[in-house]
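These notes concern the structure reproduced below.
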Amino acid sequence: MPTLSSGNVPPSVAGVDRDLDMSAHPAAIEARHLDFYYGEHQVLFDVSLTVPERSVTALIGPSGCGKSTFLRTMNRMNDLIEGSRCQGEILVEGQNIMDPAVDVVLLRKHVGMVFQKSTPFPKSIFDNVAYGPRVAGEKNRAVLADLVESCLRKAALWEEVKDRLTTSAMSLSGGQQQRLCIARTLATDPRIILMDEPASALDPASTDRIENLIGELCANYTIVIVTHNMQQASRVSHQTAFFYKGKLIESGPTMKIFTHPSEKKTEDYITGRFG
Amino acid sequence: MTMGKLPAWAVQRVSRRHEKLIQTALFLCAALSVLTTAAIILVLLGNAVYAPGARNAFFEQVSLWEFLTGTHWKPVDGPAGRFGIIPLLSGTIMVAVIASLVSVPAGLGAAIYMSEYAAPREREFLKPVLEILAGIPSVVYGFFALKFITPWILKPALGFLGLELGTFNALSAGIVVGIMVTPLIASLSEDVIRSVPRSLREAAYALGSTRFDVSVRVVVPAALSGILAAFLLAFSRAIGETMAVVIAGGQQPIATLNPLRGAQTMTSFMVHASTGDSAADSISRMSIYAIGIALFAITLTINLISGWILRRYREVYQ
């Protein structure tokens, strides 16, 4: 049974300084007393969490604890689910996104999302990355080409695909597809990126690349990542929030959660007593 | 080889002869459609290409070249008879193309609406209504075209533009055939559209897509092979449609692409000629089989192409 000591916490990836004082960072997202229901079934109970700007927040917890649902409230992805209902407030840069006046299409450009399963469209690599700008109305081929290149570079994919931008995205490997999806998300120029277990379907080498990418991106973007892998959470995040049965049990700086959690439940989960 | 005495559980007590019977009966059911197809081809070939006995088959009297390139269709016995398929082909294609112009947008639009826009309750209502539309007999559609679409919609509209429309015309026939095959396109397209994985839609929404963006830029392209196959099946169905074009389209075999006048399609010629009083072995009667073969070849080709598209271009999602 692993014990709680800083020696057991793996080193962070480059770009993630876990000692960073985040009190200086303004809040990118603030959830306030969030309750969420699928039909009559309540899956989130009074969740309040602040995500600081330009940092990585990891959401951990056992399957079915509500961490993915919580993530999906931040870009109102749950709107697509028939019979879902949300109470409370989620402020994105101070604006309550539950306000009916908020345009959900613009919200999702501002708050991007990367999914567990890579979801390239059955189009060329170029057209995948250019998708977001195109639906936003960009038609200039040169502008799109520049944007595609810079996003593929940011997603550390450019060198691998620069000679075959017109081939189908389906021909890429799983890890490449996931980086393509990240590039595609970056192309909508989001400020916040939500990642729902982005590496759980990937091999260790591809997982490494995604984690390093998170380290690079968090200098400019706010990232919230759901992960089953606690090692991953400790490697890539500044802040960790532990969910259990729809409740946020505790949240805090990643090093504190992984070495001195305040709650017994958190300690049990982190040391592998359940989950 | 029996090894000693079998234990009680392994010995068959009840006769299973009925199992064999059931298997045979089911095989016959399956064989029926194959046999029917074979018989139809035999009858067509036996009258059109080579007739046993004293009779002369159609292509023993008219060359294939004349049949395929002739621009006059005058199916009478004796020296005045002209057997060029072009007038019937032009009528058929014209009706089928008009039908596609109606049914492709309407059917695809309905499919997109049902799968991407409609609430579940709406869809539960719309699907059966489309099936009712598909269940109306084609003779009813024919009269609907002749007695309603032509006099009450097309005539006033075209008259307004200064165009003259015949009582029997390819336009109304094409429109009504288009309405008939719309449910086919809608239903087949909706099936393939709904099989596009949900994850693809979510990804598109997460990139700031509207419902329309998701439908047109992601879902339809992802389902394109199935949608094209549906279009082709509907086109082939429109080519083979008979009663509606007999009633609304008229019986004038003229090589024209003007939809405002009457036209004779391949199918309506077959109906027309088979009700005539010429002798069974006369060439005018034999020409029915030649047209039948041509029709069969066209629809078979289209159906094969549609199947090929479906297999060749299907996107595989893990």
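Convention: chains lettered A, B, ... in structure tokens order; per-chain residue numbering from 1; ligands numbered from 1 as shown.
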Report task. Pull out every residue of chain A sitting within 7 Å of chain B, counting only C-alpha atoms, and send them as a VMD selection string. Result -> chain A and resid 105 to 106 108 to 109 112 to 113 119 121 to 122 132 135 185 188
Can I get the selection written as a PDB file, in the first residue's frame, with C-alpha atoms?
ATOM      1  CA  VAL A 105     -22.131  28.286 -29.826  1.00  0.00           C
ATOM      2  CA  LEU A 106     -19.825  31.153 -28.865  1.00  0.00           C
ATOM      3  CA  ARG A 108     -18.025  26.461 -26.893  1.00  0.00           C
ATOM      4  CA  LYS A 109     -15.560  28.342 -29.053  1.00  0.00           C
ATOM      5  CA  GLY A 112     -12.939  24.061 -26.068  1.00  0.00           C
ATOM      6  CA  MET A 113     -13.141  20.361 -25.373  1.00  0.00           C
ATOM      7  CA  THR A 119     -12.974  11.990 -32.881  1.00  0.00           C
ATOM      8  CA  PHE A 121     -13.998  13.957 -38.757  1.00  0.00           C
ATOM      9  CA  PRO A 122     -13.823  11.809 -41.887  1.00  0.00           C
ATOM     10  CA  GLY A 132     -13.726  25.505 -36.316  1.00  0.00           C
ATOM     11  CA  VAL A 135     -17.881  27.352 -39.166  1.00  0.00           C
ATOM     12  CA  THR A 185      -9.719  22.695 -30.569  1.00  0.00           C
ATOM     13  CA  THR A 188     -11.203  27.959 -32.462  1.00  0.00           C
TER      14      THR A 188
END
Query raised in the report: Within 8 Å of Ser55 in chain A, counting only C-alpha atoms, which residues qualify if same-chain residues fewer than 3 places away don't, as a list in words?
Result: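 The residues satisfying every condition are Val51, Pro52, Cys218, Ala219, Tyr221, Thr222, Ile223, Ser237, His238 and Gln239 of chain A.
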Query raised in the report: Hey, can you check how far CA of Gln251 in chain B sits from CA of Leu133 in chain B?
Result: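 Separation of CA of Gln251 in chain B and CA of Leu133 in chain B: 26.6 Å.
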Query raised in the report: Could you name the residues that touch range 245-262 of chain A at 10 Å or less, counting only C-alpha atoms, but leaving out those on the same chain fewer than 4 positions away, as number ranges by chain?
Result: A: 3-9, 18-22, 34-36, 42-50, 56-67, 69-70, 230-231, 233-241, 266-268, 270-271
Query - Residue list (strand (DSSP E or B), DSSP) for range 37-275 of chain A, as a PyMOL selection string - result: chain A and resi 37-38+41-52+56-60+84-92+95-96+111-114+124+168+192-196+222-226+239-244+247-253
Residue neighbourhood range 96-101 of chain B, 12 Å, only C-alpha atoms, exclusion window fewer than 2 positions, as a compact mmCIF listing (two decimals) with C-alpha atoms, in the first residue's frame:
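Below is the file part_21.txt, written as the result:
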# COMPACT_ATOMS: atom_id res chain seq x y z
CA LEU B 89 -35.53 6.46 -72.82
CA SER B 90 -35.77 10.24 -72.91
CA GLY B 91 -39.24 10.09 -71.38
CA THR B 92 -38.05 7.73 -68.67
CA ILE B 93 -34.93 9.72 -67.82
CA MET B 94 -36.88 12.96 -67.83
CA SER B 103 -37.22 13.74 -53.82
CA VAL B 104 -33.51 14.27 -53.13
CA PRO B 105 -33.84 17.62 -51.33
CA ALA B 106 -37.15 16.70 -49.72
CA GLY B 107 -36.03 13.25 -48.61
CA LEU B 108 -32.63 14.34 -47.35
CA ASN B 169 -47.17 15.92 -69.12
CA ALA B 170 -43.88 14.55 -67.88
CA LEU B 171 -43.55 17.32 -65.31
CA SER B 172 -46.52 16.31 -63.18
CA ALA B 173 -45.60 12.65 -63.53
CA GLY B 174 -42.06 13.39 -62.42
CA ILE B 175 -43.22 15.48 -59.48
CA VAL B 176 -45.60 12.84 -58.26
CA VAL B 177 -43.06 10.05 -58.66
CA GLY B 178 -40.69 12.27 -56.69
CA ILE B 179 -43.25 12.54 -53.90
CA MET B 180 -43.62 8.76 -54.00
CA VAL B 181 -39.92 8.02 -53.56
CA THR B 182 -39.31 10.76 -50.98
CA LEU B 184 -37.71 5.87 -49.43
CA ILE B 185 -34.89 8.42 -49.47
CA LEU B 228 -25.81 8.38 -52.26
CA ALA B 230 -30.32 5.83 -51.12
CA PHE B 231 -30.48 8.40 -53.95
CA LEU B 232 -29.58 5.78 -56.51
CA LEU B 233 -32.09 3.27 -55.19
CA ALA B 234 -34.76 5.93 -55.36
CA PHE B 235 -33.68 6.83 -58.90
CA SER B 236 -33.95 3.24 -59.96
CA ARG B 237 -37.33 3.01 -58.28
CA ALA B 238 -38.43 6.13 -60.18
CA ILE B 239 -37.31 4.60 -63.48
CA GLY B 240 -39.34 1.49 -62.78
CA GLU B 241 -42.44 3.33 -61.57
CA THR B 242 -45.40 2.60 -63.81
CA ALA B 244 -48.40 7.09 -61.98
CA VAL B 245 -46.63 7.83 -65.24
CA GLY B 249 -47.51 11.32 -68.21
CA LEU B 257 -36.62 16.71 -73.03
CA ASN B 258 -39.48 19.15 -72.79
CA PRO B 259 -41.34 18.19 -69.61
CA LEU B 260 -44.36 20.34 -70.40
CA THR B 265 -41.74 6.14 -70.53
CA MET B 266 -40.49 2.62 -70.98
CA THR B 267 -42.86 1.33 -68.35
CA THR B 299 -32.27 -0.70 -62.83
Report task. Find the residues around range 46-63 of chain B up to 9 Å (only C-alpha atoms counted), leave out those fewer than 5 positions away in its own chain, and share them as a list of chain:residue names. Result -> B:Ile41, B:Leu68, B:Phe83, B:Asp281, B:Ser282, B:Ile283, B:Ser284, B:Arg285, B:Met286, B:Ser287, B:Ile288, B:Tyr289, B:Ala290, B:Ile291, B:Gly292, B:Ile293
Query raised in the report: Could you pull out the helix (DSSP H, G or I) residues of range 123-200 of chain B from DSSP and send them as number ranges by chain?
Result: B: 123-135, 138-160, 170-194, 198-200
Those selected residues, please, written with C-alpha atoms and delivered as a compact mmCIF listing (two decimals), in the first residue's frame.
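Listing of selection_3.txt after writing:
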# COMPACT_ATOMS: atom_id res chain seq x y z
CA ARG B 123 -39.85 11.63 -34.75
CA GLU B 124 -42.22 8.99 -33.44
CA PHE B 125 -44.97 10.87 -35.21
CA LEU B 126 -43.13 11.63 -38.46
CA LYS B 127 -41.78 8.18 -39.20
CA PRO B 128 -45.16 6.45 -39.43
CA VAL B 129 -46.58 9.33 -41.47
CA LEU B 130 -43.79 8.86 -44.01
CA GLU B 131 -44.55 5.17 -44.09
CA ILE B 132 -48.19 5.93 -44.83
CA LEU B 133 -47.05 8.11 -47.71
CA ALA B 134 -45.03 5.16 -48.97
CA GLY B 135 -48.05 2.88 -48.66
CA SER B 138 -49.27 4.44 -57.13
CA VAL B 139 -52.50 4.62 -59.12
CA VAL B 140 -53.76 7.10 -56.54
CA TYR B 141 -50.64 9.19 -57.00
CA GLY B 142 -51.27 9.07 -60.74
CA PHE B 143 -54.73 10.52 -60.42
CA PHE B 144 -53.48 13.01 -57.86
CA ALA B 145 -51.03 14.26 -60.49
CA LEU B 146 -53.58 14.26 -63.29
CA LYS B 147 -56.49 15.78 -61.40
CA PHE B 148 -54.76 18.01 -58.89
CA ILE B 149 -51.10 18.79 -59.57
CA THR B 150 -51.52 19.49 -63.28
CA PRO B 151 -54.74 21.54 -63.32
CA TRP B 152 -54.53 23.24 -59.94
CA ILE B 153 -50.85 23.86 -59.37
CA LEU B 154 -48.79 23.57 -62.53
CA LYS B 155 -51.24 25.04 -65.04
CA PRO B 156 -51.82 28.27 -63.10
CA ALA B 157 -48.15 28.62 -62.17
CA LEU B 158 -46.84 27.99 -65.67
CA GLY B 159 -49.67 29.97 -67.22
CA PHE B 160 -48.50 32.89 -65.14
CA ALA B 170 -43.88 14.55 -67.88
CA LEU B 171 -43.55 17.32 -65.31
CA SER B 172 -46.52 16.31 -63.18
CA ALA B 173 -45.60 12.65 -63.53
CA GLY B 174 -42.06 13.39 -62.42
CA ILE B 175 -43.22 15.48 -59.48
CA VAL B 176 -45.60 12.84 -58.26
CA VAL B 177 -43.06 10.05 -58.66
CA GLY B 178 -40.69 12.27 -56.69
CA ILE B 179 -43.25 12.54 -53.90
CA MET B 180 -43.62 8.76 -54.00
CA VAL B 181 -39.92 8.02 -53.56
CA THR B 182 -39.31 10.76 -50.98
CA PRO B 183 -40.16 8.43 -48.07
CA LEU B 184 -37.71 5.87 -49.43
CA ILE B 185 -34.89 8.42 -49.47
CA ALA B 186 -35.91 9.85 -46.11
CA SER B 187 -36.08 6.49 -44.43
CA LEU B 188 -32.85 5.05 -45.86
CA SER B 189 -30.94 8.30 -45.31
CA GLU B 190 -32.19 8.66 -41.78
CA ASP B 191 -30.93 5.19 -40.96
CA VAL B 192 -27.42 5.94 -42.17
CA ILE B 193 -27.43 9.43 -40.65
CA ARG B 194 -28.36 8.05 -37.28
CA ARG B 198 -22.67 10.47 -31.39
CA SER B 199 -19.06 11.26 -30.51
CA LEU B 200 -18.61 12.90 -33.92
Report task. Please provide the set of residues having any atom within 10 Å of Met74 in chain A, restricted to only C-alpha atoms, with same-chain residues fewer than 3 positions apart removed, written as a ChimeraX atom specification. Result -> /A:29-31,69-71,77-78,90-92,97-98,107-108,111-113,192-194,224
Requested in this report: Give me the residues within 10 Å of Ala14 in chain A as number ranges by chain, counting only C-alpha atoms and dropping any in the same chain fewer than 2 places off.
Outcome: A: 11-12, 16-17, 211-216, 235-236
